[in-house]
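Engineer: My structure is below; once you've seen it, I'll send some questions.
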Amino acid sequence: MSAVLLPLTILVLQASLCHGVCVEVDSDTEAVAYEGFKLGCISCKMRSEVSAIAIVDWFFKAADEEEFSHIYTYGDPELVGEVMDDRFTDRLHWNGSKGTQDLQDGSIYILNVTYNDTGTYECKFSRTLIYPGHEYPTNASKIVIINVVPKLTRGMASILSEVMMYVSIIGLQFWLVVEMIYCYRKISAAGEEALRESAAEYLAIASESKDNCAGVQVAE
């Protein structure tokens with residue numbers, strides 16, 4: 001019974017560890033004018049098993065500005081999902097963690113992007129880690145530089161990945177052709193060898209039969 005329960009226990013533990021895994025993925029940096037755009041910001045806890053409460057604040061500095069302006073906050077009980085800048089009124093929506101105060105995804109979504117949205121965005125996590133008997137405050141921030149364009153342009157990384165994909169496909173096809181030729185030659189050579197062995201065996205049998213016939217005639 002224990003031999004059966006052990007693998008099941010390991011699987012359950014692995015499933016619990018894999019559940020809710022946090023991965024810090026960089027935000028896209030190219031937004032299309034007059035369309036929606038997701039500003040990504042993920043800040044993972046070093047120890048996922050520790051409970052925490054977090055508040056996320058977004059700041060914006062336009063290309064012609066020198067200081068950041070507070071544009072959005074999420075997590076404060078008094079200001080949940082509050083737009084702080086008139087330039088983004090009715091255009092900013094929360095797109096991060098939901099149903100929890102332990103925020104790790106602080107992404108927001110911009111509706112109807114304009115060229116004036118070009119600039120530098122800063123995402124700040126104010127997180128309080130809750131340990132038995134005490135609390136520990138931590139802070140994390142990420143910078144995202146957004147460029148608004150008429151339409152999406154393909155980056156060099158995308159072009160190189162596509163070229164590598166085609167090169168890999170052509171290389172694989174060439175390798176398959178070489179393998180087919182090799183196998184054909186090997187099968188053909190094996191067939192010829194088998195024919196030679198069959199012919200030699202036939203000649204040996206025929207020769208033996210001839211010798212037997214000659215012996216019978218001499219005996220008569």
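Each chain in the structure tokens gets a letter, A, B and so on, in the order shown; residues start at 1 in every chain, and ligands are counted from 1 in the order they appear.
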List as JSON, numbers by chain the protein and nucleic acid residues near Phe88 in chain A, meaning an atom at most 10 Å away when only C-alpha atoms are counted, but skip any in the same chain fewer than 2 places from it.

Structural biologist: {"A": [71, 72, 83, 84, 85, 86, 90, 91, 92, 93, 110, 111, 112, 113, 117]}

Engineer: Next, the residues of the selection above should be written as a compact mmCIF listing (two decimals), in the first residue's frame with all heavy atoms.

Structural biologist:
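Now in part-v5.txt:
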```txt
# COMPACT_ATOMS: atom_id res chain seq x y z
N ILE A 71 -0.08 57.91 -12.46
CA ILE A 71 -1.24 57.77 -13.34
C ILE A 71 -2.24 56.71 -12.88
O ILE A 71 -3.42 56.75 -13.26
CB ILE A 71 -0.81 57.45 -14.79
CG1 ILE A 71 -0.07 56.10 -14.86
CG2 ILE A 71 0.04 58.58 -15.36
CD1 ILE A 71 0.22 55.64 -16.29
N TYR A 72 -1.80 55.73 -12.04
CA TYR A 72 -2.72 54.65 -11.69
C TYR A 72 -2.25 53.95 -10.42
O TYR A 72 -1.04 53.83 -10.18
CB TYR A 72 -2.77 53.63 -12.83
CG TYR A 72 -3.85 52.57 -12.72
CD1 TYR A 72 -5.15 52.83 -13.13
CD2 TYR A 72 -3.56 51.32 -12.20
CE1 TYR A 72 -6.14 51.85 -13.02
CE2 TYR A 72 -4.54 50.34 -12.09
CZ TYR A 72 -5.82 50.62 -12.51
OH TYR A 72 -6.80 49.66 -12.41
N VAL A 83 -7.63 55.79 -11.52
CA VAL A 83 -6.85 56.54 -12.51
C VAL A 83 -6.50 57.89 -11.90
O VAL A 83 -7.38 58.65 -11.49
CB VAL A 83 -7.62 56.71 -13.82
CG1 VAL A 83 -6.80 57.53 -14.82
CG2 VAL A 83 -7.97 55.35 -14.42
N MET A 84 -5.21 58.21 -11.86
CA MET A 84 -4.74 59.41 -11.17
C MET A 84 -4.41 60.56 -12.11
O MET A 84 -4.10 61.65 -11.66
CB MET A 84 -3.49 59.06 -10.34
CG MET A 84 -3.61 57.78 -9.51
SD MET A 84 -4.88 57.89 -8.25
CE MET A 84 -4.12 59.08 -7.14
N ASP A 85 -4.46 60.34 -13.43
CA ASP A 85 -4.05 61.35 -14.40
C ASP A 85 -5.18 61.52 -15.42
O ASP A 85 -5.65 60.55 -16.00
CB ASP A 85 -2.76 60.90 -15.10
CG ASP A 85 -2.11 62.02 -15.88
OD1 ASP A 85 -2.79 62.66 -16.70
OD2 ASP A 85 -0.90 62.26 -15.69
N ASP A 86 -5.57 62.77 -15.65
CA ASP A 86 -6.68 63.06 -16.56
C ASP A 86 -6.39 62.60 -17.98
O ASP A 86 -7.33 62.33 -18.75
CB ASP A 86 -6.99 64.57 -16.56
CG ASP A 86 -7.55 65.04 -15.23
OD1 ASP A 86 -8.07 64.18 -14.49
OD2 ASP A 86 -7.46 66.25 -14.93
N ASP A 90 -10.71 56.99 -18.19
CA ASP A 90 -11.53 56.01 -18.96
C ASP A 90 -10.69 55.21 -19.96
O ASP A 90 -11.25 54.55 -20.83
CB ASP A 90 -12.68 56.70 -19.70
CG ASP A 90 -13.65 57.38 -18.75
OD1 ASP A 90 -13.83 56.86 -17.64
OD2 ASP A 90 -14.21 58.43 -19.12
N ARG A 91 -9.37 55.26 -19.82
CA ARG A 91 -8.54 54.51 -20.78
C ARG A 91 -7.66 53.47 -20.11
O ARG A 91 -7.06 52.65 -20.81
CB ARG A 91 -7.67 55.47 -21.59
CG ARG A 91 -8.43 56.38 -22.53
CD ARG A 91 -7.56 56.90 -23.65
NE ARG A 91 -6.43 57.66 -23.16
CZ ARG A 91 -5.16 57.42 -23.50
NH1 ARG A 91 -4.86 56.43 -24.32
NH2 ARG A 91 -4.19 58.18 -23.03
N LEU A 92 -7.54 53.50 -18.79
CA LEU A 92 -6.70 52.54 -18.09
C LEU A 92 -7.57 51.52 -17.35
O LEU A 92 -8.51 51.89 -16.65
CB LEU A 92 -5.78 53.24 -17.08
CG LEU A 92 -4.61 54.05 -17.66
CD1 LEU A 92 -3.76 54.59 -16.52
CD2 LEU A 92 -3.77 53.22 -18.60
N HIS A 93 -7.22 50.24 -17.50
CA HIS A 93 -7.93 49.16 -16.82
C HIS A 93 -6.91 48.18 -16.25
O HIS A 93 -5.86 47.92 -16.84
CB HIS A 93 -8.88 48.44 -17.77
CG HIS A 93 -10.01 49.29 -18.24
ND1 HIS A 93 -11.16 49.49 -17.51
CD2 HIS A 93 -10.16 50.03 -19.38
CE1 HIS A 93 -11.98 50.29 -18.17
NE2 HIS A 93 -11.39 50.64 -19.30
N ILE A 110 -4.17 49.80 -21.73
CA ILE A 110 -4.49 51.14 -22.22
C ILE A 110 -5.42 51.01 -23.42
O ILE A 110 -5.11 50.32 -24.40
CB ILE A 110 -3.22 51.90 -22.64
CG1 ILE A 110 -2.19 51.91 -21.50
CG2 ILE A 110 -3.58 53.33 -23.05
CD1 ILE A 110 -0.89 52.61 -21.87
N LEU A 111 -6.56 51.67 -23.34
CA LEU A 111 -7.50 51.71 -24.46
C LEU A 111 -7.19 52.90 -25.36
O LEU A 111 -6.77 53.97 -24.88
CB LEU A 111 -8.94 51.80 -23.96
CG LEU A 111 -9.46 50.62 -23.12
CD1 LEU A 111 -10.83 50.95 -22.56
CD2 LEU A 111 -9.51 49.36 -23.97
N ASN A 112 -7.41 52.72 -26.65
CA ASN A 112 -7.28 53.82 -27.62
C ASN A 112 -5.96 54.57 -27.46
O ASN A 112 -5.91 55.76 -27.14
CB ASN A 112 -8.47 54.78 -27.48
CG ASN A 112 -8.54 55.78 -28.63
OD1 ASN A 112 -8.06 55.51 -29.73
ND2 ASN A 112 -9.13 56.93 -28.36
N VAL A 113 -4.87 53.84 -27.68
CA VAL A 113 -3.53 54.43 -27.54
C VAL A 113 -3.36 55.60 -28.50
O VAL A 113 -3.76 55.53 -29.66
CB VAL A 113 -2.46 53.36 -27.81
CG1 VAL A 113 -1.07 53.98 -27.83
CG2 VAL A 113 -2.53 52.26 -26.76
N ASP A 117 0.95 58.94 -25.82
CA ASP A 117 1.26 57.91 -24.83
C ASP A 117 2.69 57.40 -24.96
O ASP A 117 3.13 56.57 -24.16
CB ASP A 117 0.29 56.73 -24.96
CG ASP A 117 -1.15 57.14 -24.64
OD1 ASP A 117 -1.34 58.08 -23.86
OD2 ASP A 117 -2.07 56.51 -25.19
```

Engineer: So which residues of range 84-179 of chain A fall under alpha helix (DSSP H) by DSSP, listed as a list of chain:residue names?

Structural biologist: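 Restricting range 84-179 of chain A to alpha helix (DSSP H) produces A:Met156, A:Ala157, A:Ser158, A:Ile159, A:Leu160, A:Ser161, A:Glu162, A:Val163, A:Met164, A:Met165, A:Tyr166, A:Val167, A:Ser168, A:Ile169, A:Ile170, A:Gly171, A:Leu172, A:Gln173, A:Phe174, A:Trp175, A:Leu176, A:Val177, A:Val178, A:Glu179.
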
Engineer: So, counting only C-alpha atoms, which residue among A:Met180, A:Val56, A:Val149, A:Ile169 is closest to Thr128 in chain A?

Structural biologist: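 Ranked by minimum distance to Thr128 in chain A, first place goes to A:Val56.
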
Engineer: Ranking A:Leu39, A:Leu129, A:Ile143, A:Cys44 by minimum distance to Val23 in chain A and counting only C-alpha atoms, which one comes first?

Structural biologist: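 Looking only at the distances to Val23 in chain A, the closest residue turns out to be A:Cys44.
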
Engineer: When you look at range 29-33 of chain A with a cut-off of 9 Å (counting only C-alpha atoms), what residues show up, excluding the ones that are within fewer than 6 positions of it in the same chain? I need them as number ranges by chain.

Structural biologist: A: 39, 112-115, 118, 144-153

Engineer: Write a file of the selected residues as a short mmCIF file (atom, residue, chain, number, x, y, z; two decimals), in the first residue's frame, keeping C-alpha atoms.

Structural biologist:
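Result file result.cif:
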```cif
data_model
loop_
_atom_site.label_atom_id
_atom_site.label_comp_id
_atom_site.auth_asym_id
_atom_site.auth_seq_id
_atom_site.Cartn_x
_atom_site.Cartn_y
_atom_site.Cartn_z
CA LEU A 39 1.56 47.32 -20.27
CA ASN A 112 -7.28 53.82 -27.62
CA VAL A 113 -3.53 54.43 -27.54
CA THR A 114 -2.46 57.83 -28.86
CA TYR A 115 0.93 59.17 -29.94
CA THR A 118 4.82 57.51 -26.11
CA VAL A 144 8.96 50.09 -19.66
CA ILE A 145 9.70 52.43 -22.59
CA ILE A 146 6.78 52.55 -25.04
CA ASN A 147 6.91 53.72 -28.63
CA VAL A 148 3.61 54.34 -30.43
CA VAL A 149 3.69 53.50 -34.16
CA PRO A 150 1.14 53.51 -37.02
CA LYS A 151 1.49 49.75 -37.39
CA LEU A 152 3.57 46.99 -35.90
CA THR A 153 7.05 46.52 -37.31
#
```

Engineer: What gap, in Å, lies between CA of Gly75 in chain A and CA of Ser43 in chain A?

Structural biologist: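 These two atoms are separated by 14.5 Å.
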
Engineer: Which of range 21-101 of chain A end up as strand (DSSP E or B) when DSSP is run on this backbone - answer as a PyMOL selection string?

Structural biologist: chain A and resi 30-32+37-39+42+51-62+69-74+76+79+82-83+92-94

Engineer: Which residue gives the smallest distance to Asn139 in chain A among A:Phe37, A:Glu193, A:Ala54, A:Asp76, with only C-alpha atoms counted?

Structural biologist: A:Ala54

Engineer: With distances taken over only C-alpha atoms, which residue among A:Ala140, A:Ala199, A:Ala63, A:Ile130 lies nearest Ile42 in chain A?

Structural biologist: A:Ala140

Engineer: Distance CA of His70 in chain A-CA of Glu122 in chain A, one decimal place?

Structural biologist: 9.3 Å

Engineer: What is the distance, in Å and to one decimal place, between CA of Pro137 in chain A and CA of Tyr74 in chain A?

Structural biologist: 17.1 Å
